[in-house]
Amino acid sequence: MTSFILKCAAAASLIVASISAGSALAATGTGVYAATVGSSGTMIRNTRATSSSKSSTGRYSVVFPDVISQCSWSATVGGTGTVAPSPAFAVAHRSSASTSTIEVRVWAVNNQAVHVQADAPFHLIVVCD
């Protein structure tokens, strides 16, 4: 009988954990988030972005107010005004340290097809449903 009670208690713990996980998912961001970030890491414009920063050459972080780990995101190099930046490309991924932060890496493209990290303005969009 003790074994049965322990199994029931374990099952109840799993149910509570599942309900808690569901509540965390419900708190996940919904809608569209966006940020335009300058080459210095300063946020130029945003829709629901909290902050941005540059940690080193070509390495940026953009923080959002909600959990965005279950969302889709894309970053592209682009001017912040009327002047186009030099040729470069951006890659975005969720931060391993925060479920509300996207890290962006920017690489310059040169004539020898060598890519080196470089500072450049970019646009980031995060879409959640």
# chains A, B, ... in the order shown; residues from 1 in each chain; ligands from 1
>>> residues_around(residues="region 34-39 of chain A", least_positions_apart="3", cutoff="6 Å", atoms="only C-alpha atoms", output="list in words")
Thr42, Met43, Ile44, Arg45, Asn46, Thr47, Asp119, Ala120, Pro121, Phe122, His123, Leu124 and Ile125 of chain A
>>> write_last_selection(atoms="N, CA, C and O atoms", output="tab-separated table (two decimals), in the first residue's frame")
chain	number	residue	atom	x	y	z
A	42	THR	N	23.22	51.57	-29.28
A	42	THR	CA	22.12	52.40	-28.82
A	42	THR	C	20.84	52.07	-29.58
A	42	THR	O	20.85	51.94	-30.80
A	43	MET	N	19.74	51.92	-28.84
A	43	MET	CA	18.46	51.67	-29.48
A	43	MET	C	17.95	52.95	-30.12
A	43	MET	O	17.84	53.98	-29.45
A	44	ILE	N	17.67	52.90	-31.42
A	44	ILE	CA	17.21	54.08	-32.16
A	44	ILE	C	15.69	54.15	-32.13
A	44	ILE	O	15.12	55.20	-31.87
A	45	ARG	N	15.04	53.02	-32.43
A	45	ARG	CA	13.58	52.91	-32.40
A	45	ARG	C	13.24	51.53	-31.85
A	45	ARG	O	14.04	50.61	-31.95
A	46	ASN	N	12.02	51.41	-31.30
A	46	ASN	CA	11.63	50.08	-30.84
A	46	ASN	C	10.12	49.96	-30.71
A	46	ASN	O	9.42	50.96	-30.59
A	47	THR	N	9.68	48.73	-30.74
A	47	THR	CA	8.32	48.36	-30.42
A	47	THR	C	8.43	47.28	-29.36
A	47	THR	O	8.85	46.17	-29.66
A	119	ASP	N	31.06	46.38	-36.40
A	119	ASP	CA	29.95	47.17	-35.89
A	119	ASP	C	29.10	47.67	-37.05
A	119	ASP	O	29.64	48.21	-38.03
A	120	ALA	N	27.80	47.47	-36.97
A	120	ALA	CA	26.88	47.95	-38.00
A	120	ALA	C	25.49	48.05	-37.39
A	120	ALA	O	25.13	47.26	-36.51
A	121	PRO	N	24.69	49.00	-37.86
A	121	PRO	CA	23.32	49.09	-37.38
A	121	PRO	C	22.50	47.92	-37.92
A	121	PRO	O	22.79	47.37	-38.98
A	122	PHE	N	21.46	47.53	-37.17
A	122	PHE	CA	20.62	46.42	-37.61
A	122	PHE	C	19.18	46.62	-37.14
A	122	PHE	O	18.89	47.42	-36.26
A	123	HIS	N	18.32	45.84	-37.77
A	123	HIS	CA	16.90	45.78	-37.41
A	123	HIS	C	16.63	44.37	-36.92
A	123	HIS	O	17.06	43.40	-37.54
A	124	LEU	N	15.92	44.26	-35.81
A	124	LEU	CA	15.56	42.95	-35.23
A	124	LEU	C	14.06	42.90	-35.09
A	124	LEU	O	13.44	43.85	-34.59
A	125	ILE	N	13.47	41.79	-35.52
A	125	ILE	CA	12.04	41.59	-35.34
A	125	ILE	C	11.83	40.25	-34.65
A	125	ILE	O	12.51	39.26	-34.96
>>> residues_around(residues="Val104 (chain A)", least_positions_apart="6", cutoff="9 Å", atoms="only C-alpha atoms", output="PyMOL selection string")
chain A and resi 58-62+75+90-94+122+124
>>> residues_around(residues="Ser56 (chain A)", least_positions_apart="4", cutoff="10 Å", atoms="only C-alpha atoms", output="list of chain:residue names")
A:Ser40, A:Gly41, A:Tyr60, A:Arg105, A:Gln117, A:Ala118, A:Asp119
>>> closest_residue(among="A:Ala49, A:Gly81, A:Thr99, A:Ser86", to="Tyr33 (chain A)", atoms="only C-alpha atoms")
A:Ala49
>>> atom_distance(atom1="CA of Lys54 (chain A)", atom2="CA of Thr101 (chain A)")
12.9 Å
>>> select_by_dssp(residues="region 7-119 of chain A", states="strand (DSSP E or B)", output="ChimeraX atom specification")
/A:28,31-37,43-47,51-56,59-63,67,72-77,88-94,101-109,115-117
>>> residues_around(residues="Val63 (chain A)", least_positions_apart="3", cutoff="10 Å", atoms="only C-alpha atoms", output="PyMOL selection string")
chain A and resi 35+48-53+66-68+95+98-103
>>> atom_distance(atom1="CA of Gly31 (chain A)", atom2="CA of Val126 (chain A)")
8.3 Å
